[in-house]
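Listing of query23.tsv; format and content: TSV, C-alpha atoms and all ligand atoms.
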```tsv
chain	number	residue	atom	x	y	z
A	43	MET	CA	0.00	0.00	0.00
A	44	ASN	CA	2.89	2.34	0.83
A	45	ALA	CA	4.29	1.93	-2.70
A	46	VAL	CA	0.93	1.97	-4.49
A	47	MET	CA	-0.17	5.15	-2.69
A	48	SER	CA	3.02	7.16	-3.21
A	49	THR	CA	2.66	8.09	-6.88
A	50	ASP	CA	3.44	11.55	-8.30
A	51	GLU	CA	-0.28	12.12	-8.93
A	52	ASN	CA	-1.11	11.29	-5.32
A	53	ARG	CA	1.69	13.56	-4.06
A	54	GLU	CA	0.14	16.45	-5.96
A	55	ILE	CA	-3.28	15.66	-4.48
A	56	ARG	CA	-1.81	15.32	-0.97
A	57	SER	CA	-0.16	18.73	-1.22
A	58	ARG	CA	-3.53	20.33	-2.07
A	59	VAL	CA	-5.50	18.51	0.64
A	60	CYS	CA	-2.90	19.26	3.34
A	61	ALA	CA	-2.59	22.96	2.41
A	62	ASP	CA	-4.14	25.22	5.08
A	63	LEU	CA	-3.91	22.63	7.85
A	64	GLU	CA	-2.75	24.23	11.08
A	65	GLY	CA	-2.46	23.71	14.81
A	66	THR	CA	-3.53	20.32	16.18
A	67	VAL	CA	-4.53	17.94	13.40
A	68	VAL	CA	-5.98	14.43	13.64
A	69	GLU	CA	-5.15	12.18	10.71
A	70	ILE	CA	-7.58	9.28	10.33
A	71	GLY	CA	-6.08	6.23	8.64
A	72	PHE	CA	-2.55	7.61	8.93
A	73	GLY	CA	-1.16	4.61	7.03
A	74	SER	CA	2.57	4.82	6.35
A	75	GLY	CA	2.73	8.59	6.87
A	76	LEU	CA	2.66	9.59	3.20
A	77	ASN	CA	1.07	12.94	4.10
A	78	VAL	CA	3.75	13.85	6.64
A	79	PRO	CA	6.03	15.71	4.13
A	80	PHE	CA	3.02	17.84	3.15
A	81	TYR	CA	2.06	19.11	6.62
A	82	PRO	CA	2.41	22.91	6.44
A	83	GLU	CA	4.62	24.91	8.86
A	84	GLY	CA	1.58	25.91	10.91
A	85	VAL	CA	0.89	22.32	12.01
A	86	HIS	CA	2.54	21.55	15.37
A	87	THR	CA	0.92	18.25	16.44
A	88	VAL	CA	-0.66	15.40	14.52
A	89	HIS	CA	-2.64	12.67	16.26
A	90	ALA	CA	-2.29	9.61	14.03
A	91	VAL	CA	-5.24	7.21	14.16
A	92	GLU	CA	-4.14	3.96	12.53
A	93	PRO	CA	-4.91	0.31	13.30
A	94	LEU	CA	-1.83	-1.25	11.67
A	95	ALA	CA	1.41	-1.29	13.68
A	96	ARG	CA	3.34	-2.22	10.53
A	97	SER	CA	2.19	1.01	8.84
A	98	MET	CA	3.34	3.07	11.82
A	99	ASP	CA	6.75	1.33	11.61
A	100	ILE	CA	7.08	2.26	7.92
A	101	ALA	CA	6.12	5.84	8.81
A	102	ALA	CA	8.89	6.23	11.39
A	103	GLY	CA	11.50	7.74	9.03
A	104	ARG	CA	9.02	10.28	7.65
A	105	ILE	CA	7.99	11.26	11.19
A	106	GLU	CA	11.64	11.59	12.23
A	107	ALA	CA	12.34	13.97	9.33
A	108	SER	CA	9.32	16.19	10.03
A	109	HIS	CA	9.00	19.41	12.06
A	110	VAL	CA	5.68	18.04	13.39
A	111	GLU	CA	5.18	16.04	16.56
A	112	VAL	CA	3.26	12.90	15.51
A	113	LEU	CA	1.54	10.93	18.28
A	114	HIS	CA	-0.03	7.53	17.64
A	115	THR	CA	-3.28	8.33	19.38
A	116	GLY	CA	-5.53	5.45	18.49
A	117	LEU	CA	-6.35	2.39	16.49
A	118	SER	CA	-9.84	3.14	15.27
A	119	GLY	CA	-11.67	6.06	13.69
A	120	GLU	CA	-14.83	4.73	15.27
A	121	ARG	CA	-13.51	5.51	18.77
A	122	ILE	CA	-11.06	8.39	18.95
A	123	ASP	CA	-9.43	8.92	22.33
A	124	LEU	CA	-9.50	12.73	22.27
A	125	ALA	CA	-11.65	15.34	23.99
A	126	ASP	CA	-14.60	17.05	22.34
A	127	ALA	CA	-13.67	20.12	20.26
A	128	SER	CA	-9.93	19.53	20.61
A	129	ALA	CA	-8.78	19.45	16.97
A	130	ASP	CA	-8.18	22.35	14.60
A	131	ALA	CA	-8.59	20.05	11.59
A	132	VAL	CA	-9.01	16.41	10.62
A	133	LEU	CA	-7.31	14.90	7.59
A	134	SER	CA	-8.54	11.82	5.73
A	135	THR	CA	-6.91	10.66	2.50
A	136	TRP	CA	-8.34	7.51	0.87
A	137	THR	CA	-9.55	6.23	4.26
A	138	LEU	CA	-13.35	6.61	4.48
A	139	CYS	CA	-13.55	3.72	1.99
A	140	SER	CA	-11.88	1.36	4.48
A	141	ILE	CA	-13.41	2.19	7.87
A	142	PRO	CA	-16.00	-0.51	8.65
A	143	ASP	CA	-18.46	1.75	10.53
A	144	VAL	CA	-17.87	4.97	8.64
A	145	ASP	CA	-20.96	6.74	10.07
A	146	THR	CA	-19.73	6.24	13.63
A	147	ALA	CA	-16.24	7.40	12.61
A	148	LEU	CA	-17.61	10.59	11.05
A	149	GLY	CA	-19.60	11.21	14.25
A	150	GLU	CA	-16.34	10.90	16.19
A	151	ILE	CA	-14.54	13.22	13.75
A	152	ARG	CA	-17.29	15.83	14.19
A	153	ARG	CA	-17.14	15.46	17.98
A	154	ILE	CA	-13.39	16.13	18.21
A	155	LEU	CA	-13.34	19.05	15.75
A	156	LYS	CA	-13.64	22.57	17.11
A	157	PRO	CA	-16.93	24.09	15.88
A	158	GLY	CA	-16.48	25.47	12.37
A	159	SER	CA	-13.19	23.62	11.81
A	160	ALA	CA	-12.79	21.38	8.81
A	161	LEU	CA	-12.38	17.83	7.67
A	162	HIS	CA	-9.90	17.90	4.75
A	163	PHE	CA	-10.57	14.91	2.53
A	164	VAL	CA	-9.71	13.09	-0.64
A	165	GLU	CA	-11.62	9.86	-1.13
A	166	HIS	CA	-12.74	7.54	-3.88
A	167	GLY	CA	-16.24	6.15	-4.24
A	168	ILE	CA	-19.34	5.55	-6.31
A	169	SER	CA	-19.08	6.67	-9.92
A	170	PRO	CA	-21.78	8.90	-11.45
A	171	ASP	CA	-21.63	6.64	-14.55
A	172	SER	CA	-24.26	3.95	-13.92
A	173	LYS	CA	-22.35	1.32	-15.93
A	174	VAL	CA	-19.22	1.89	-13.87
A	175	ALA	CA	-21.26	1.95	-10.65
A	176	ARG	CA	-22.75	-1.46	-11.48
A	177	ARG	CA	-19.25	-2.82	-12.09
A	178	GLN	CA	-18.10	-1.33	-8.79
A	179	GLY	CA	-20.94	-3.17	-7.04
A	180	ARG	CA	-19.98	-6.46	-8.68
A	181	ILE	CA	-16.29	-6.32	-7.77
A	182	GLU	CA	-16.65	-4.69	-4.35
A	183	PRO	CA	-16.78	-7.96	-2.33
A	184	LEU	CA	-13.50	-9.17	-3.89
A	185	ASN	CA	-11.94	-5.72	-3.55
A	186	LYS	CA	-12.82	-5.62	0.15
A	187	ALA	CA	-11.33	-9.07	0.66
A	188	LEU	CA	-8.09	-8.17	-1.15
A	189	PHE	CA	-7.55	-4.58	0.00
A	190	GLY	CA	-8.24	-4.22	3.71
A	191	GLY	CA	-12.01	-3.76	3.53
A	192	CYS	CA	-11.87	-1.04	0.85
A	193	HIS	CA	-15.41	-0.27	-0.42
A	194	LEU	CA	-15.88	0.99	-3.99
A	195	THR	CA	-19.49	2.16	-3.84
A	196	ARG	CA	-19.55	4.59	-0.94
A	197	ASP	CA	-21.34	7.87	-1.72
A	198	ILE	CA	-18.77	10.02	0.04
A	199	PRO	CA	-20.56	13.42	-0.04
A	200	ALA	CA	-23.82	11.82	1.14
A	201	ILE	CA	-22.04	10.03	3.98
A	202	ILE	CA	-20.24	13.21	5.06
A	203	THR	CA	-23.34	15.40	4.99
A	204	SER	CA	-25.55	12.87	6.74
A	205	ALA	CA	-23.04	12.94	9.62
A	206	GLY	CA	-23.90	16.64	10.03
A	207	PHE	CA	-21.01	18.26	8.15
A	208	ALA	CA	-21.46	21.08	5.64
A	209	ILE	CA	-19.35	20.59	2.53
A	210	GLU	CA	-17.61	23.94	2.00
A	211	SER	CA	-15.76	23.02	-1.19
A	212	MET	CA	-15.45	19.89	-3.27
A	213	THR	CA	-14.18	18.87	-6.67
A	214	THR	CA	-14.96	15.51	-8.25
A	215	TYR	CA	-12.85	13.95	-10.96
A	216	GLN	CA	-11.52	10.72	-12.40
A	217	HIS	CA	-8.05	10.04	-10.99
A	218	ALA	CA	-5.54	10.21	-13.84
A	219	LYS	CA	-3.83	6.90	-13.09
A	220	GLU	CA	-6.62	4.72	-11.65
A	221	PRO	CA	-9.12	2.52	-13.50
A	222	LYS	CA	-12.66	3.91	-13.52
A	223	ALA	CA	-13.95	1.53	-10.84
A	224	PHE	CA	-11.29	2.71	-8.38
A	225	GLY	CA	-10.63	6.31	-9.35
A	226	TRP	CA	-13.79	8.40	-9.05
A	227	THR	CA	-12.52	11.00	-6.59
A	228	PHE	CA	-14.02	13.49	-4.13
A	229	GLU	CA	-11.61	16.16	-2.86
A	230	GLY	CA	-12.57	18.99	-0.55
A	231	HIS	CA	-13.33	20.46	2.87
A	232	ALA	CA	-16.32	19.93	5.12
A	233	SER	CA	-16.98	21.99	8.25
A	234	ALA	CA	-18.18	20.54	11.53
B	301	LIG	C1	-5.98	3.05	1.48
B	301	LIG	S1	-5.21	3.23	3.00
B	301	LIG	C2	-4.79	4.96	2.99
B	301	LIG	C3	-3.65	5.28	3.91
B	301	LIG	C4	-3.26	6.76	3.98
B	301	LIG	N1	-4.35	7.58	4.46
B	301	LIG	C5	-2.74	7.29	2.67
B	301	LIG	O1	-3.25	8.28	2.16
B	301	LIG	O2	-1.76	6.72	2.16
B	301	LIG	C6	-6.54	3.13	4.19
B	301	LIG	C7	-6.09	3.31	5.64
B	301	LIG	O3	-7.22	3.25	6.52
B	301	LIG	C8	-6.81	2.53	7.68
B	301	LIG	N2	-7.99	2.03	8.40
B	301	LIG	C9	-8.68	0.88	8.20
B	301	LIG	N3	-9.66	0.75	9.11
B	301	LIG	C10	-9.60	1.87	9.90
B	301	LIG	C11	-10.35	2.31	11.03
B	301	LIG	N4	-11.38	1.60	11.52
B	301	LIG	N5	-10.00	3.49	11.59
B	301	LIG	C12	-8.98	4.22	11.11
B	301	LIG	N6	-8.23	3.84	10.03
B	301	LIG	C13	-8.55	2.68	9.45
B	301	LIG	C14	-5.93	1.42	7.10
B	301	LIG	O4	-5.14	0.76	8.06
B	301	LIG	C15	-5.12	2.22	6.08
B	301	LIG	O5	-4.00	2.83	6.67
```
Kindly return the structure encoded in the file as structure tokens.
Ligand SMILES: C[S@@+](CC[C@H](N)C(=O)[O-])C[C@H]1O[C@@H](n2cnc3c(N)ncnc32)[C@H](O)[C@@H]1O
Amino acid sequence: MNAVMSTDENREIRSRVCADLEGTVVEIGFGSGLNVPFYPEGVHTVHAVEPLARSMDIAAGRIEASHVEVLHTGLSGERIDLADASADAVLSTWTLCSIPDVDTALGEIRRILKPGSALHFVEHGISPDSKVARRQGRIEPLNKALFGGCHLTRDIPAIITSAGFAIESMTTYQHAKEPKAFGWTFEGHASA
């Protein structure tokens, strides 16, 4: 996953999604720390929420090289061990597809964000092309089995708004290097 997710295209996307982060940030599905080089100067602490110890091990060199203090704060987006209204921003890159109970996780994200602060996200999900969407539905069970529970058919904006967020900005596009079933992308900011 570390290799697959560290393409030039993804680096460009990461730099956009991480721009404007500041203060105390919670990164959900921290993975192998591929966003760490893109944390802006104004970020001083990142709480990494990540279930896989192996991913945190791979991230160690990136964390070491960063100006940011990264704390491994929890294992599950569904239960974040932080106080209400304690985060200046939450970052999620290609993670809402993989969290089993994504509604509960978004409730937790909203709880820990300071009022008016934002979830910065880039996610993939259900295609607006009905033919592609049907294919996504067919291959989703195998995809979940092969790639850590990754869903292909999640309606990301609907899931975010039904958790009570207001989407402040969002672009949708086909990822340049991904097949259609995997690359329909939602990138933006949603305020708590
Ligand atoms: C496709 S990877 C993306 C990793 C990273 N965000 C990136 O951009 O490279 C999905 C991540 O979600 C994590 N994940 C899976 N279930 C999770 C959960 N319940 N809570 C938080 N993260 C979870 C996985 O361990 C993995 O690191």
For ligand LIG 301 (chain B), return the neighbouring residues as JSON, numbers by chain (distance at most 9 Å; only C-alpha atoms and all ligand atoms). {"A": [43, 44, 46, 47, 48, 52, 56, 69, 70, 71, 72, 73, 74, 75, 76, 77, 91, 92, 93, 94, 95, 97, 98, 116, 117, 118, 119, 120, 121, 122, 133, 134, 135, 136, 137, 138, 139, 140, 141, 142, 143, 144, 147, 164, 189, 190, 191, 192]}
May I ask which of the residues A:Lys219, A:Lys173, A:His162, A:Arg180 is the closest one to Ser233 in chain A, counting only C-alpha atoms? A:His162
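Among A:Ile100, A:Val132, A:Ala127, A:His217, the residue with the shortest atom-to-atom distance to Val85 in chain A, counting only C-alpha atoms, is A:Val132.
When CA of Phe224 in chain A is paired with CA of Ile202 in chain A, their separation reads 19.3 Å.
Reported to one decimal place, the separation of CA of Arg104 in chain A from CA of Pro79 in chain A is 7.1 Å.
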Quick one: residues within 7 Å of (-14.0, 19.3, 15.1) (file frame), counting all atoms listed in the file, please, as a ChimeraX atom specification. /A:127-131,151-157,159-160,234
Would you pick out the contacts of Ala205 in chain A at 9 Å or less, using only C-alpha atoms, so that residues sharing its chain but fewer than 3 positions from it are not included, and give the list as a PDB file with C-alpha atoms, keeping the file's coordinate frame?
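What follows is the written file selection13.pdb:
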```pdb
ATOM      1  CA  ASP A 145     -20.960   6.740  10.070  1.00  0.00           C
ATOM      2  CA  THR A 146     -19.730   6.240  13.630  1.00  0.00           C
ATOM      3  CA  LEU A 148     -17.610  10.590  11.050  1.00  0.00           C
ATOM      4  CA  GLY A 149     -19.600  11.210  14.250  1.00  0.00           C
ATOM      5  CA  ARG A 152     -17.290  15.830  14.190  1.00  0.00           C
ATOM      6  CA  ALA A 200     -23.820  11.820   1.140  1.00  0.00           C
ATOM      7  CA  ILE A 201     -22.040  10.030   3.980  1.00  0.00           C
ATOM      8  CA  ILE A 202     -20.240  13.210   5.060  1.00  0.00           C
TER       9      ILE A 202
END
```
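In terms of minimum interatomic distance to Asp99 in chain A, A:His114 ranks closest within A:Phe228, A:Lys222, A:Thr49, A:His114, counting all atoms listed in the file.
Nearest to Gly103 in chain A of all the residues A:Arg177, A:Val78, A:Phe207, A:Pro170 is A:Val78, counting only C-alpha atoms.
Near Val174 in chain A, within 12 Å and counting all atoms listed in the file, sit Gly167, Ile168, Ser169, Gly179, Arg180, Ile181, Glu182, Leu194, Thr195, Gln216, Pro221, Lys222, Ala223, Phe224, Gly225 and Trp226 of chain A; same-chain residues fewer than 5 positions away were not included.
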Saved selection, atoms kept: C-alpha atoms, as a PDB file, keeping the file's coordinate frame:
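Resulting contents of again36.pdb:
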```pdb
ATOM      1  CA  GLY A 167     -16.240   6.150  -4.240  1.00  0.00           C
ATOM      2  CA  ILE A 168     -19.340   5.550  -6.310  1.00  0.00           C
ATOM      3  CA  SER A 169     -19.080   6.670  -9.920  1.00  0.00           C
ATOM      4  CA  GLY A 179     -20.940  -3.170  -7.040  1.00  0.00           C
ATOM      5  CA  ARG A 180     -19.980  -6.460  -8.680  1.00  0.00           C
ATOM      6  CA  ILE A 181     -16.290  -6.320  -7.770  1.00  0.00           C
ATOM      7  CA  GLU A 182     -16.650  -4.690  -4.350  1.00  0.00           C
ATOM      8  CA  LEU A 194     -15.880   0.990  -3.990  1.00  0.00           C
ATOM      9  CA  THR A 195     -19.490   2.160  -3.840  1.00  0.00           C
ATOM     10  CA  GLN A 216     -11.520  10.720 -12.400  1.00  0.00           C
ATOM     11  CA  PRO A 221      -9.120   2.520 -13.500  1.00  0.00           C
ATOM     12  CA  LYS A 222     -12.660   3.910 -13.520  1.00  0.00           C
ATOM     13  CA  ALA A 223     -13.950   1.530 -10.840  1.00  0.00           C
ATOM     14  CA  PHE A 224     -11.290   2.710  -8.380  1.00  0.00           C
ATOM     15  CA  GLY A 225     -10.630   6.310  -9.350  1.00  0.00           C
ATOM     16  CA  TRP A 226     -13.790   8.400  -9.050  1.00  0.00           C
TER      17      TRP A 226
END
```
